[in-house]
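Have a look at the structure below before the remarks.
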Amino acid sequence: MNKAKRAAIIAGNWKMNKTPSETTALINEMKPLVADADCKVVLCVPFVDIAAAVDAAKGSNIEIGAENVHFKESGAYTGEISAKMLVESGVKYVVVGHSERRQYFGETDQTVNLRTLAAVNAGLTAIVCVGETLEQRELGYTETLLKYQTKMALTNITKEQLKNIVIAYEPVWAIGTGVTATAEQADEGNGYVRAAIAEAYGEDVAETVTIQYGGSMNAKNCDELVAKVNVDGGLIGGASLKAEDFSVIVKAASK
Ligand code: 13P
């Protein structure tokens with residue numbers, strides 16, 4: 001394993017938090033704190049905050065992402081946002097298949113795959129989320145499920161397109177619960193994802209894919225998590241809403 005072959009990315013996922021004016025204030029607070037980062041720094045924000053976020057992040061090392069994208073190019077899909085709209089708005093990344101969307105909004109492995117394709121075809125980098133529930137873990141399905149979700153999400157994605165894909169392993173039981181996976185569990189889960197990519201695209205390709213960990217990552221536990229060989233940064237919920245905490249995580253991934 002060679003971490004030097006892939007970029008570490010610390011990405012915030014703000015979820016349904018922050019108004020446009022709050023977005024401007026938080027990014028202005030974060031900018032000086034993460035300016036020296038030796039990893040990629042991304043903030044995925046609600047659709048209505050994108051314009052404020054892109055404006056506030058201009059000239060800094062912070063890149064802006066969205067939290068979802070529709071899989072059709074355009075048409076009668078009231079309330080939806082296309083990849084082209086995101087690109088023109090200055091968005092570079094998009095979260096796809098977050099467990100909250102799978103759980104509350106009927107997202108399936110098929111729609112996750114379609115959204116991933118739409119994102120990369122438009123030139124975005126997709127941060128594709130996979131993860132098991134506590135019940136699935138206790139039944140011993142973690143490896144099978146992570147490999148299945150990963151391969152389903154990557155259906156019809158070429159080796160070339162894979163360069164614009166990041167996978168985030170987010171155990172559902174660790175999201176917003178304060179229960180973090182141990183560094184060993186995170187490394188193991190990320191390892192299953194990498195093994196699935198190796199099975200589909202070969203070892204050499206799998207070594208180059210950024211695989212993040214997400215789930216209650218914070219300023220206190222980040223060092224141990226990002227030090228693991230398979231953990232190439234993190235997807236951060238709650239702690240990405242606090243400039244100081246987020247910057248500590250960015251610093252941990254920059255070591
Ligand atoms: P928390 O960091 O709040 O647990 O959220 C993780 C997450 O879901 C990021 O996408």
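Going through the structure tokens in order, the chains are called A, B, and so on, while each chain numbers its residues from 1 and the ligands are numbered from 1 in the order shown.
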Using only C-alpha atoms, which protein or nucleic acid residues come within 8 Å of Glu73 (chain A)? Drop anything in the same chain fewer than 4 positions from it, and give the result as a list of chain:residue names.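 Final neighbour list, sorted by chain and number: A:Ser82, A:Ala83, A:Lys84, A:Ala118.
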Selection above as a file: N, CA, C and O atoms, as a PDB file, in the first residue's frame:
```pdb
ATOM      1  N   SER A  82     -29.352  19.735 -12.005  1.00  0.00           N
ATOM      2  CA  SER A  82     -28.533  18.908 -12.896  1.00  0.00           C
ATOM      3  C   SER A  82     -27.042  19.160 -12.668  1.00  0.00           C
ATOM      4  O   SER A  82     -26.638  20.185 -12.102  1.00  0.00           O
ATOM      5  N   ALA A  83     -26.244  18.224 -13.190  1.00  0.00           N
ATOM      6  CA  ALA A  83     -24.787  18.349 -13.074  1.00  0.00           C
ATOM      7  C   ALA A  83     -24.290  19.597 -13.817  1.00  0.00           C
ATOM      8  O   ALA A  83     -23.396  20.297 -13.338  1.00  0.00           O
ATOM      9  N   LYS A  84     -24.894  19.874 -14.966  1.00  0.00           N
ATOM     10  CA  LYS A  84     -24.485  21.048 -15.757  1.00  0.00           C
ATOM     11  C   LYS A  84     -24.717  22.340 -14.954  1.00  0.00           C
ATOM     12  O   LYS A  84     -23.912  23.275 -15.008  1.00  0.00           O
ATOM     13  N   ALA A 118     -23.751  10.698 -14.134  1.00  0.00           N
ATOM     14  CA  ALA A 118     -24.104  12.065 -14.549  1.00  0.00           C
ATOM     15  C   ALA A 118     -23.055  13.055 -14.050  1.00  0.00           C
ATOM     16  O   ALA A 118     -22.649  13.972 -14.782  1.00  0.00           O
TER      17      ALA A 118
END
```
Within 7 Å of ligand 1, counting only C-alpha atoms and all ligand atoms: which residues, as a PyMOL selection string? chain A and resi 13+98+170+174-178+214-217+235-239
I'd like the interatomic distance between CA of Ala119 (chain A) and CA of Gln136 (chain A), to a tenth of an Å.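 So the answer is 28.8 Å.
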Selection near region 50-59 of chain A, 8 Å with only C-alpha atoms, sequence-local residues under 3 positions removed, as a list in words: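 Near region 50-59 of chain A, the qualifying residues are Pro20, Ser21, Thr23, Thr24, Ile27, Asn28, Lys31, Val45, Pro46, Phe47, Ile62, Glu63, Ile64, Gly65, Ala66, Ser89, Gly90 and Val91 of chain A.
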Assign secondary structure with DSSP using the backbone only, and return the residues of region 48-235 of chain A in alpha helix (DSSP H) as a ChimeraX atom specification. /A:50-57,83-88,99-104,109-121,134-138,142-153,183-201,203-206,222-226
Got a sec: who's within 12 Å of region 103-111 of chain A, counting only C-alpha atoms, leaving out chain neighbours fewer than 3 positions off, as a VMD selection string? chain A and resid 68 to 72 96 to 100 114 to 118 128 to 133 145 to 156 172
Print the selection's residues with N, CA, C and O atoms to a file, as a tab-separated table (two decimals), in the first residue's frame.
```tsv
chain	number	residue	atom	x	y	z
A	68	ASN	N	-25.89	16.70	-3.63
A	68	ASN	CA	-26.67	15.76	-4.44
A	68	ASN	C	-26.70	16.29	-5.87
A	68	ASN	O	-26.40	17.47	-6.10
A	69	VAL	N	-27.04	15.43	-6.81
A	69	VAL	CA	-27.20	15.85	-8.21
A	69	VAL	C	-28.22	14.92	-8.85
A	69	VAL	O	-28.28	13.73	-8.53
A	70	HIS	N	-29.03	15.47	-9.76
A	70	HIS	CA	-29.98	14.59	-10.45
A	70	HIS	C	-29.27	13.88	-11.61
A	70	HIS	O	-28.24	14.35	-12.09
A	71	PHE	N	-29.84	12.75	-12.04
A	71	PHE	CA	-29.13	11.97	-13.07
A	71	PHE	C	-29.53	12.31	-14.50
A	71	PHE	O	-28.89	11.88	-15.43
A	72	LYS	N	-30.60	13.09	-14.67
A	72	LYS	CA	-30.97	13.50	-16.02
A	72	LYS	C	-30.29	14.84	-16.35
A	72	LYS	O	-30.01	15.63	-15.47
A	96	VAL	N	-22.65	11.82	-3.52
A	96	VAL	CA	-23.66	10.96	-4.14
A	96	VAL	C	-23.93	9.76	-3.23
A	96	VAL	O	-22.99	9.14	-2.71
A	97	GLY	N	-25.20	9.47	-3.03
A	97	GLY	CA	-25.56	8.24	-2.31
A	97	GLY	C	-25.29	8.27	-0.82
A	97	GLY	O	-25.05	7.23	-0.21
A	98	HIS	N	-25.35	9.47	-0.23
A	98	HIS	CA	-25.20	9.53	1.22
A	98	HIS	C	-26.26	8.66	1.90
A	98	HIS	O	-27.38	8.57	1.42
A	99	SER	N	-25.92	8.06	3.02
A	99	SER	CA	-26.86	7.14	3.67
A	99	SER	C	-28.16	7.83	4.08
A	99	SER	O	-29.21	7.20	4.14
A	100	GLU	N	-28.08	9.15	4.35
A	100	GLU	CA	-29.32	9.86	4.68
A	100	GLU	C	-30.24	9.93	3.47
A	100	GLU	O	-31.46	9.88	3.60
A	114	LEU	N	-26.51	6.01	-11.37
A	114	LEU	CA	-26.89	6.98	-12.41
A	114	LEU	C	-26.40	8.39	-12.06
A	114	LEU	O	-25.94	9.14	-12.92
A	115	ARG	N	-26.51	8.75	-10.80
A	115	ARG	CA	-26.04	10.08	-10.37
A	115	ARG	C	-24.53	10.17	-10.51
A	115	ARG	O	-23.98	11.21	-10.90
A	116	THR	N	-23.83	9.08	-10.18
A	116	THR	CA	-22.36	9.07	-10.29
A	116	THR	C	-21.96	9.28	-11.75
A	116	THR	O	-21.08	10.09	-12.07
A	117	LEU	N	-22.63	8.57	-12.65
A	117	LEU	CA	-22.34	8.71	-14.09
A	117	LEU	C	-22.61	10.14	-14.55
A	117	LEU	O	-21.81	10.73	-15.28
A	118	ALA	N	-23.75	10.70	-14.13
A	118	ALA	CA	-24.10	12.06	-14.55
A	118	ALA	C	-23.06	13.05	-14.05
A	118	ALA	O	-22.65	13.97	-14.78
A	128	VAL	N	-18.71	9.29	-3.63
A	128	VAL	CA	-19.76	8.27	-3.54
A	128	VAL	C	-19.71	7.61	-2.15
A	128	VAL	O	-18.67	7.11	-1.73
A	129	CYS	N	-20.86	7.64	-1.46
A	129	CYS	CA	-20.89	7.12	-0.09
A	129	CYS	C	-21.41	5.68	-0.05
A	129	CYS	O	-22.40	5.34	-0.69
A	130	VAL	N	-20.72	4.86	0.74
A	130	VAL	CA	-21.16	3.49	0.99
A	130	VAL	C	-21.05	3.24	2.50
A	130	VAL	O	-20.31	3.94	3.19
A	131	GLY	N	-21.80	2.27	2.99
A	131	GLY	CA	-21.69	1.98	4.42
A	131	GLY	C	-22.78	1.05	4.89
A	131	GLY	O	-23.88	1.03	4.33
A	132	GLU	N	-22.46	0.29	5.94
A	132	GLU	CA	-23.40	-0.70	6.47
A	132	GLU	C	-24.13	-0.16	7.69
A	132	GLU	O	-23.60	0.69	8.41
A	133	THR	N	-25.32	-0.68	7.94
A	133	THR	CA	-26.04	-0.35	9.17
A	133	THR	C	-25.48	-1.23	10.30
A	133	THR	O	-24.75	-2.21	10.03
A	145	LEU	N	-21.48	-6.30	1.78
A	145	LEU	CA	-22.28	-5.12	1.47
A	145	LEU	C	-21.44	-3.99	0.89
A	145	LEU	O	-21.81	-3.35	-0.10
A	146	LEU	N	-20.28	-3.74	1.52
A	146	LEU	CA	-19.43	-2.65	1.02
A	146	LEU	C	-18.94	-2.94	-0.39
A	146	LEU	O	-18.90	-2.04	-1.24
A	147	LYS	N	-18.61	-4.20	-0.66
A	147	LYS	CA	-18.16	-4.55	-2.01
A	147	LYS	C	-19.31	-4.42	-3.01
A	147	LYS	O	-19.13	-3.92	-4.12
A	148	TYR	N	-20.48	-4.85	-2.59
A	148	TYR	CA	-21.66	-4.77	-3.47
A	148	TYR	C	-22.00	-3.31	-3.77
A	148	TYR	O	-22.16	-2.93	-4.93
A	149	GLN	N	-22.10	-2.49	-2.72
A	149	GLN	CA	-22.46	-1.08	-2.94
A	149	GLN	C	-21.42	-0.38	-3.82
A	149	GLN	O	-21.77	0.42	-4.70
A	150	THR	N	-20.13	-0.70	-3.59
A	150	THR	CA	-19.07	-0.06	-4.37
A	150	THR	C	-19.18	-0.46	-5.85
A	150	THR	O	-19.17	0.41	-6.74
A	151	LYS	N	-19.33	-1.75	-6.10
A	151	LYS	CA	-19.39	-2.21	-7.50
A	151	LYS	C	-20.65	-1.71	-8.19
A	151	LYS	O	-20.62	-1.34	-9.37
A	152	MET	N	-21.76	-1.70	-7.47
A	152	MET	CA	-23.01	-1.18	-8.07
A	152	MET	C	-22.87	0.30	-8.43
A	152	MET	O	-23.29	0.73	-9.50
A	153	ALA	N	-22.28	1.07	-7.53
A	153	ALA	CA	-22.12	2.52	-7.77
A	153	ALA	C	-21.23	2.78	-8.98
A	153	ALA	O	-21.40	3.79	-9.68
A	154	LEU	N	-20.29	1.85	-9.23
A	154	LEU	CA	-19.31	2.07	-10.30
A	154	LEU	C	-19.68	1.36	-11.62
A	154	LEU	O	-18.88	1.35	-12.55
A	155	THR	N	-20.88	0.84	-11.70
A	155	THR	CA	-21.31	0.17	-12.94
A	155	THR	C	-21.18	1.14	-14.13
A	155	THR	O	-21.63	2.28	-14.06
A	156	ASN	N	-20.54	0.67	-15.19
A	156	ASN	CA	-20.33	1.45	-16.43
A	156	ASN	C	-19.39	2.65	-16.27
A	156	ASN	O	-19.30	3.50	-17.16
A	172	VAL	N	-23.17	3.55	8.79
A	172	VAL	CA	-24.39	4.30	9.14
A	172	VAL	C	-24.49	4.50	10.65
A	172	VAL	O	-24.91	5.56	11.12
```
Best match for closeness to Asp204 (chain A) among A:Ile127, A:Arg6, A:Thr142, A:Asp232, counting only C-alpha atoms: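 Closest to Asp204 (chain A) of all the choices is A:Arg6.
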For a quick check of understanding, using only C-alpha atoms, which of A:Leu241, A:Met85, A:Cys39, A:Val248 has the smallest distance to Ala4 (chain A)?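 Distance minimum relative to Ala4 (chain A) lands on A:Cys39.
With only C-alpha atoms as the atoms that count, the minimum distance from Lys3 (chain A) to the choices A:Val231, A:Val95, A:Val120, A:Ile249 is reached by A:Val231.
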Pick the closest to Ala8 (chain A) from A:Gln212, A:Asn164, A:Thr144, A:Ser74: which is it, counting only C-alpha atoms? A:Gln212
DSSP strand (DSSP E or B) selection over region 22-223 of chain A, as JSON, numbers by chain: {"A": [40, 41, 42, 43, 44, 62, 63, 64, 65, 66, 93, 94, 95, 96, 125, 126, 127, 128, 129, 130, 165, 166, 167, 168, 169, 211, 212, 213, 214]}
Save out the residues we just selected, N, CA, C and O atoms, as a compact mmCIF listing (two decimals), in the first residue's frame.
```txt
# COMPACT_ATOMS: atom_id res chain seq x y z
N LYS A 40 -6.33 18.15 -0.08
CA LYS A 40 -7.41 18.90 -0.71
C LYS A 40 -8.46 19.25 0.33
O LYS A 40 -8.75 18.44 1.22
N VAL A 41 -9.02 20.45 0.21
CA VAL A 41 -10.03 20.91 1.17
C VAL A 41 -11.30 21.24 0.39
O VAL A 41 -11.28 22.06 -0.53
N VAL A 42 -12.38 20.56 0.74
CA VAL A 42 -13.64 20.70 0.00
C VAL A 42 -14.76 20.96 0.99
O VAL A 42 -14.78 20.37 2.08
N LEU A 43 -15.69 21.83 0.62
CA LEU A 43 -16.90 22.03 1.44
C LEU A 43 -18.12 21.74 0.57
O LEU A 43 -18.34 22.42 -0.44
N CYS A 44 -18.89 20.72 0.95
CA CYS A 44 -20.12 20.40 0.23
C CYS A 44 -21.27 21.04 0.97
O CYS A 44 -21.48 20.78 2.17
N ILE A 62 -9.89 26.37 -0.88
CA ILE A 62 -11.13 25.63 -0.59
C ILE A 62 -11.91 25.46 -1.88
O ILE A 62 -12.16 26.43 -2.60
N GLU A 63 -12.29 24.20 -2.17
CA GLU A 63 -13.14 23.95 -3.34
C GLU A 63 -14.55 23.62 -2.86
O GLU A 63 -14.73 23.09 -1.76
N ILE A 64 -15.52 23.93 -3.71
CA ILE A 64 -16.92 23.80 -3.28
C ILE A 64 -17.59 22.58 -3.94
O ILE A 64 -17.38 22.30 -5.13
N GLY A 65 -18.38 21.90 -3.14
CA GLY A 65 -19.14 20.76 -3.64
C GLY A 65 -20.62 20.93 -3.33
O GLY A 65 -21.01 21.79 -2.53
N ALA A 66 -21.44 20.09 -3.98
CA ALA A 66 -22.87 20.04 -3.68
C ALA A 66 -23.14 18.75 -2.91
O ALA A 66 -22.24 17.91 -2.75
N TYR A 93 -17.17 19.31 -6.85
CA TYR A 93 -17.43 17.99 -6.24
C TYR A 93 -18.92 17.83 -5.96
O TYR A 93 -19.63 18.82 -5.79
N VAL A 94 -19.36 16.58 -5.87
CA VAL A 94 -20.74 16.36 -5.41
C VAL A 94 -20.82 15.05 -4.63
O VAL A 94 -20.24 14.04 -5.04
N VAL A 95 -21.50 15.11 -3.50
CA VAL A 95 -21.73 13.91 -2.69
C VAL A 95 -22.86 13.11 -3.36
O VAL A 95 -23.89 13.68 -3.73
N VAL A 96 -22.65 11.82 -3.52
CA VAL A 96 -23.66 10.96 -4.14
C VAL A 96 -23.93 9.76 -3.23
O VAL A 96 -22.99 9.14 -2.71
N THR A 125 -16.26 15.83 -9.75
CA THR A 125 -15.76 14.67 -9.01
C THR A 125 -16.86 14.22 -8.07
O THR A 125 -17.40 15.03 -7.30
N ALA A 126 -17.21 12.95 -8.15
CA ALA A 126 -18.28 12.40 -7.30
C ALA A 126 -17.66 11.81 -6.04
O ALA A 126 -16.68 11.06 -6.11
N ILE A 127 -18.22 12.17 -4.90
CA ILE A 127 -17.84 11.54 -3.63
C ILE A 127 -18.96 10.55 -3.31
O ILE A 127 -20.04 10.92 -2.87
N VAL A 128 -18.71 9.29 -3.63
CA VAL A 128 -19.76 8.27 -3.54
C VAL A 128 -19.71 7.61 -2.15
O VAL A 128 -18.67 7.11 -1.73
N CYS A 129 -20.86 7.64 -1.46
CA CYS A 129 -20.89 7.12 -0.09
C CYS A 129 -21.41 5.68 -0.05
O CYS A 129 -22.40 5.34 -0.69
N VAL A 130 -20.72 4.86 0.74
CA VAL A 130 -21.16 3.49 0.99
C VAL A 130 -21.05 3.24 2.50
O VAL A 130 -20.31 3.94 3.19
N ILE A 165 -13.52 10.00 -9.23
CA ILE A 165 -14.39 9.40 -8.21
C ILE A 165 -13.63 9.19 -6.91
O ILE A 165 -12.49 8.70 -6.91
N VAL A 166 -14.27 9.60 -5.84
CA VAL A 166 -13.78 9.37 -4.49
C VAL A 166 -14.84 8.51 -3.83
O VAL A 166 -16.03 8.71 -4.05
N ILE A 167 -14.42 7.54 -3.03
CA ILE A 167 -15.41 6.77 -2.27
C ILE A 167 -15.29 7.17 -0.80
O ILE A 167 -14.17 7.34 -0.29
N ALA A 168 -16.43 7.35 -0.16
CA ALA A 168 -16.42 7.62 1.29
C ALA A 168 -17.08 6.45 1.99
O ALA A 168 -18.25 6.15 1.74
N TYR A 169 -16.30 5.77 2.83
CA TYR A 169 -16.89 4.71 3.66
C TYR A 169 -17.47 5.35 4.91
O TYR A 169 -16.73 5.91 5.73
N ILE A 211 -10.02 7.03 -0.87
CA ILE A 211 -11.13 6.46 -0.10
C ILE A 211 -11.13 7.13 1.28
O ILE A 211 -10.20 6.98 2.06
N GLN A 212 -12.20 7.89 1.51
CA GLN A 212 -12.31 8.62 2.78
C GLN A 212 -13.05 7.78 3.82
O GLN A 212 -13.77 6.85 3.48
N TYR A 213 -12.89 8.18 5.07
CA TYR A 213 -13.74 7.64 6.14
C TYR A 213 -14.66 8.77 6.60
O TYR A 213 -14.25 9.94 6.67
N GLY A 214 -15.90 8.44 6.93
CA GLY A 214 -16.83 9.43 7.49
C GLY A 214 -17.69 8.81 8.57
O GLY A 214 -18.10 7.64 8.46
```
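CA of Asn190 (chain A) is positioned 15.0 Å from CA of Val205 (chain A).
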